[in-house]
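Listing of data38.cif; format and content: mmCIF, C-alpha atoms.
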data_input
loop_
_atom_site.group_PDB
_atom_site.id
_atom_site.type_symbol
_atom_site.label_atom_id
_atom_site.label_comp_id
_atom_site.auth_asym_id
_atom_site.auth_seq_id
_atom_site.Cartn_x
_atom_site.Cartn_y
_atom_site.Cartn_z
ATOM 1 C CA MET A 1 124.616 131.802 8.367
ATOM 2 C CA ALA A 2 122.767 128.468 8.423
ATOM 3 C CA LEU A 3 126.072 126.645 8.727
ATOM 4 C CA ARG A 4 126.995 128.714 11.801
ATOM 5 C CA ALA A 5 123.624 128.005 13.401
ATOM 6 C CA LEU A 6 124.053 124.298 12.727
ATOM 7 C CA ALA A 7 127.564 124.342 14.220
ATOM 8 C CA LEU A 8 126.249 126.166 17.309
ATOM 9 C CA LEU A 9 123.439 123.618 17.755
ATOM 10 C CA LEU A 10 125.917 120.764 17.393
ATOM 11 C CA ALA A 11 128.242 122.314 19.976
ATOM 12 C CA LEU A 12 125.355 122.774 22.404
ATOM 13 C CA ALA A 13 124.203 119.187 21.875
ATOM 14 C CA VAL A 14 127.687 117.862 22.667
ATOM 15 C CA ALA A 15 128.312 120.186 25.622
ATOM 16 C CA GLY A 16 124.801 119.857 27.063
ATOM 17 C CA PRO A 17 125.139 116.482 28.819
ATOM 18 C CA ALA A 18 128.530 117.372 30.277
ATOM 19 C CA SER A 19 127.281 120.628 31.741
ATOM 20 C CA ALA A 20 124.033 119.053 32.964
ATOM 21 C CA ALA A 21 125.887 116.707 35.282
ATOM 22 C CA VAL A 22 126.763 119.483 37.701
ATOM 23 C CA GLY A 23 124.810 122.445 36.408
ATOM 24 C CA ASP A 24 125.966 124.848 39.099
ATOM 25 C CA PRO A 25 129.712 125.531 38.896
ATOM 26 C CA ALA A 26 129.621 126.334 42.612
ATOM 27 C CA MET A 27 128.734 122.658 43.203
ATOM 28 C CA GLN A 28 131.919 121.448 41.552
ATOM 29 C CA LEU A 29 134.820 120.547 43.753
ATOM 30 C CA PRO A 30 137.857 122.837 43.427
ATOM 31 C CA ASP A 31 140.221 119.858 43.149
ATOM 32 C CA PRO A 32 139.859 118.318 39.637
ATOM 33 C CA VAL A 33 140.928 114.873 40.908
ATOM 34 C CA GLN A 34 138.247 114.899 43.604
ATOM 35 C CA GLU A 35 135.668 116.206 41.115
ATOM 36 C CA GLU A 36 136.439 113.347 38.722
ATOM 37 C CA ARG A 37 136.167 110.827 41.589
ATOM 38 C CA ALA A 38 132.798 112.300 42.557
ATOM 39 C CA ARG A 39 131.599 112.021 38.949
ATOM 40 C CA GLU A 40 132.752 108.391 38.712
ATOM 41 C CA ILE A 41 130.896 107.552 41.922
ATOM 42 C CA GLY A 42 127.833 109.432 40.656
ATOM 43 C CA ARG A 43 127.834 107.374 37.454
ATOM 44 C CA GLU A 44 127.356 104.244 39.582
ATOM 45 C CA LEU A 45 124.398 105.620 41.562
ATOM 46 C CA ARG A 46 120.846 105.562 40.185
ATOM 47 C CA CYS A 47 118.597 108.602 40.187
ATOM 48 C CA LEU A 48 115.622 107.486 42.239
ATOM 49 C CA VAL A 49 113.287 109.734 40.234
ATOM 50 C CA CYS A 50 114.478 108.898 36.708
ATOM 51 C CA GLN A 51 115.334 105.273 37.593
ATOM 52 C CA ASN A 52 117.381 104.507 34.476
ATOM 53 C CA GLN A 53 119.834 107.375 34.723
ATOM 54 C CA SER A 54 122.776 107.915 36.968
ATOM 55 C CA ILE A 55 122.697 110.896 39.300
ATOM 56 C CA GLU A 56 125.343 112.476 37.059
ATOM 57 C CA ASP A 57 123.048 112.291 34.019
ATOM 58 C CA SER A 58 119.824 113.382 35.707
ATOM 59 C CA ASP A 59 118.414 116.886 36.085
ATOM 60 C CA ALA A 60 116.039 115.874 38.889
ATOM 61 C CA GLU A 61 116.245 117.787 42.147
ATOM 62 C CA LEU A 62 116.889 114.604 44.129
ATOM 63 C CA ALA A 63 119.811 113.780 41.814
ATOM 64 C CA ARG A 64 121.244 117.261 42.480
ATOM 65 C CA ASP A 65 120.969 116.596 46.216
ATOM 66 C CA LEU A 66 122.675 113.231 45.845
ATOM 67 C CA ARG A 67 125.473 114.802 43.768
ATOM 68 C CA ARG A 68 125.965 117.352 46.551
ATOM 69 C CA ILE A 69 126.100 114.577 49.174
ATOM 70 C CA VAL A 70 128.642 112.615 47.108
ATOM 71 C CA ARG A 71 130.823 115.705 46.697
ATOM 72 C CA GLU A 72 130.643 116.468 50.414
ATOM 73 C CA GLN A 73 131.717 112.908 51.212
ATOM 74 C CA VAL A 74 134.573 112.981 48.668
ATOM 75 C CA SER A 75 135.825 116.338 49.925
ATOM 76 C CA ALA A 76 135.706 114.948 53.490
ATOM 77 C CA GLY A 77 138.276 112.351 52.399
ATOM 78 C CA ARG A 78 136.045 109.273 52.310
ATOM 79 C CA SER A 79 136.940 106.411 49.968
ATOM 80 C CA ASP A 80 134.774 105.503 46.967
ATOM 81 C CA ALA A 81 133.427 102.447 48.826
ATOM 82 C CA GLU A 82 132.602 104.560 51.890
ATOM 83 C CA VAL A 83 130.745 107.137 49.796
ATOM 84 C CA LYS A 84 128.726 104.476 47.953
ATOM 85 C CA GLY A 85 128.078 102.724 51.255
ATOM 86 C CA PHE A 86 126.843 105.977 52.794
ATOM 87 C CA VAL A 87 124.324 106.529 49.986
ATOM 88 C CA HIS A 88 123.378 102.826 49.841
ATOM 89 C CA GLU A 89 122.695 102.760 53.578
ATOM 90 C CA ARG A 90 120.207 105.622 53.251
ATOM 91 C CA TYR A 91 118.487 104.681 49.972
ATOM 92 C CA GLY A 92 118.812 100.887 49.751
ATOM 93 C CA ASP A 93 119.831 98.506 46.961
ATOM 94 C CA PHE A 94 117.827 100.316 44.304
ATOM 95 C CA VAL A 95 120.204 103.291 44.318
ATOM 96 C CA LEU A 96 123.017 101.115 42.937
ATOM 97 C CA LEU A 97 123.082 100.905 39.133
ATOM 98 C CA ARG A 98 124.997 97.616 39.475
ATOM 99 C CA PRO A 99 123.297 95.806 42.368
ATOM 100 C CA ARG A 100 125.341 93.510 44.566
ATOM 101 C CA PHE A 101 124.926 89.749 44.274
ATOM 102 C CA THR A 102 123.409 88.532 47.537
ATOM 103 C CA ALA A 103 121.280 85.610 48.645
ATOM 104 C CA ALA A 104 118.227 87.862 48.381
ATOM 105 C CA THR A 105 118.980 88.727 44.746
ATOM 106 C CA ALA A 106 120.220 85.283 43.676
ATOM 107 C CA LEU A 107 116.809 84.201 42.381
ATOM 108 C CA LEU A 108 116.442 87.477 40.493
ATOM 109 C CA TRP A 109 119.816 86.963 38.819
ATOM 110 C CA ALA A 110 119.086 83.281 38.081
ATOM 111 C CA THR A 111 115.555 83.735 36.668
ATOM 112 C CA PRO A 112 116.596 84.298 33.022
ATOM 113 C CA ALA A 113 118.796 81.191 33.011
ATOM 114 C CA LEU A 114 116.086 79.121 34.717
ATOM 115 C CA ALA A 115 113.469 80.311 32.201
ATOM 116 C CA LEU A 116 115.768 79.433 29.296
ATOM 117 C CA LEU A 117 116.431 75.973 30.766
ATOM 118 C CA ALA A 118 112.698 75.353 31.325
ATOM 119 C CA GLY A 119 111.936 76.406 27.759
ATOM 120 C CA ALA A 120 114.605 74.076 26.373
ATOM 121 C CA LEU A 121 113.244 71.153 28.412
ATOM 122 C CA ILE A 122 109.681 71.823 27.255
ATOM 123 C CA PHE A 123 110.824 72.104 23.638
ATOM 124 C CA ARG A 124 112.793 68.874 23.884
ATOM 125 C CA ALA A 125 109.896 67.010 25.531
ATOM 126 C CA GLY A 126 107.530 68.235 22.808
ATOM 127 C CA ARG A 127 109.834 67.058 20.043
ATOM 128 C CA ARG A 128 110.370 63.678 21.699
ATOM 129 C CA GLY A 129 106.607 63.022 21.874
ATOM 130 C CA ALA A 130 106.143 63.710 18.143
ATOM 131 C CA ARG A 131 108.700 61.147 16.939
ATOM 132 C CA PRO A 132 107.427 58.255 14.829
ATOM 133 C CA ASP A 133 107.918 54.714 16.046
ATOM 134 C CA ALA A 134 110.191 52.141 14.371
ATOM 135 C CA ALA A 135 107.540 51.362 11.734
ATOM 136 C CA GLY A 136 107.342 55.027 10.744
ATOM 137 C CA ALA A 137 103.930 55.674 12.311
ATOM 138 C CA PRO A 138 103.450 58.388 14.914
ATOM 139 C CA ALA A 139 103.881 57.089 18.459
ATOM 140 C CA GLY A 140 100.780 56.291 20.485
ATOM 141 C CA LEU A 141 98.613 54.777 17.702
ATOM 142 C CA THR A 142 96.563 51.651 18.246
ATOM 143 C CA GLU A 143 96.959 48.656 15.919
ATOM 144 C CA ALA A 144 93.714 49.564 14.119
ATOM 145 C CA GLU A 145 94.920 53.130 13.574
ATOM 146 C CA ARG A 146 98.265 51.878 12.280
ATOM 147 C CA ALA A 147 96.536 49.550 9.811
ATOM 148 C CA ARG A 148 94.271 52.343 8.573
ATOM 149 C CA LEU A 149 97.256 54.699 8.237
ATOM 150 C CA ALA A 150 99.119 52.067 6.216
ATOM 151 C CA ARG A 151 96.113 51.665 3.861
ATOM 152 C CA LEU A 152 95.851 55.440 3.415
ATOM 153 C CA GLU A 153 99.542 55.775 2.664
ATOM 154 C CA SER A 154 99.421 53.021 0.085
ATOM 155 C CA GLY A 155 96.440 54.658 -1.604
ATOM 156 C CA GLY A 156 93.988 51.909 -0.799
ATOM 157 C CA GLY A 157 91.394 54.163 0.823
ATOM 158 C CA GLY A 158 90.337 53.629 4.333
ATOM 159 C CA GLY A 159 86.654 53.157 4.632
ATOM 160 C CA SER A 160 84.551 55.751 6.317
ATOM 161 C CA ALA A 161 85.650 59.354 6.838
ATOM 162 C CA ALA A 162 84.872 59.251 10.547
#
Encoded form using structure tokens:
Amino acid sequence: MALRALALLLALAVAGPASAAVGDPAMQLPDPVQEERAREIGRELRCLVCQNQSIEDSDAELARDLRRIVREQVSAGRSDAEVKGFVHERYGDFVLLRPRFTAATALLWATPALALLAGALIFRAGRRGARPDAAGAPAGLTEAERARLARLESGGGGGSAA
């Protein structure tokens, strides 16, 4: 009995996401090819409520409306690009799960690389400043400091602790 219950729960867990995409069978397109196209397009459009889910994966009411719009456009014979363009025109760049590369988004796309480059330059500059000079003493010491450092290294003391 417990094994049957476990098998039923497993089957529901696997079938759940697939049936959640278009919960109402009346929403599905009668042509399986068109339905699959609509699902592929929906996987590339962001749910504006959930933000990190496609409209195919979301249960939000707005996602249901967007799925309906996509299916209407597909059944009207529009191409994938036309359908995405239709939704993009109404909801803006944010609706695209893979935003387009434009001049406006170039800085956004380049920020991680610029931050990595800046960090590498800062790290390199910090390491360069800590290098000892040719005599083995840290760079930037005066002659008096070098002499005192030499005495300390040789074990000769160094005078006052100041």
Report task. Just give me the gap between atom CA of A:Leu29 and atom CA of A:Arg68 in Å, one decimal is fine. Result -> 9.8 Å
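Here atom CA of A:Tyr91 stands at a distance of 18.6 Å from atom CA of A:Arg39.
Our summary of the geometry notes that atom CA of A:Gln73 is positioned 10.2 Å from atom CA of A:Gln34.
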Could the residues of stretch 53-100 of chain A that have an atom at most 12 Å from stretch 107-118 of chain A be listed as CSV, each with its closest atom pair and the distance in Å to one decimal, counting only C-alpha atoms and ordered by chain and ascending residue number?
residue,atom,partner,partner_atom,distance
A:Arg98,CA,A:Trp109,CA,11.9
A:Pro99,CA,A:Trp109,CA,10.1
A:Arg100,CA,A:Trp109,CA,10.3
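Applied to this file, the PyMOL selection byres ((chain A and resi 69) around 12) selects the residues Met27, Gln28, Leu29, Ala38, Arg39, Ile41, Gly42, Leu45, Ile55, Leu62, Ala63, Arg64, Asp65, Leu66, Arg67, Arg68, Val70, Arg71, Glu72, Gln73, Val74, Ser75, Ala76, Arg78, Val83, Lys84, Phe86, Val87 and Arg90 of chain A.
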Report summary line: Judged by all atoms listed in the file, the minimum distance to A:Gln53 among A:Arg128, A:Thr105, A:Ala147, A:Leu97 is found for A:Leu97
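Using all atoms listed in the file, the smallest distance between any of A:Val95, A:Val33, A:Ala103, A:Leu121 and A:Cys50 comes from A:Val95.
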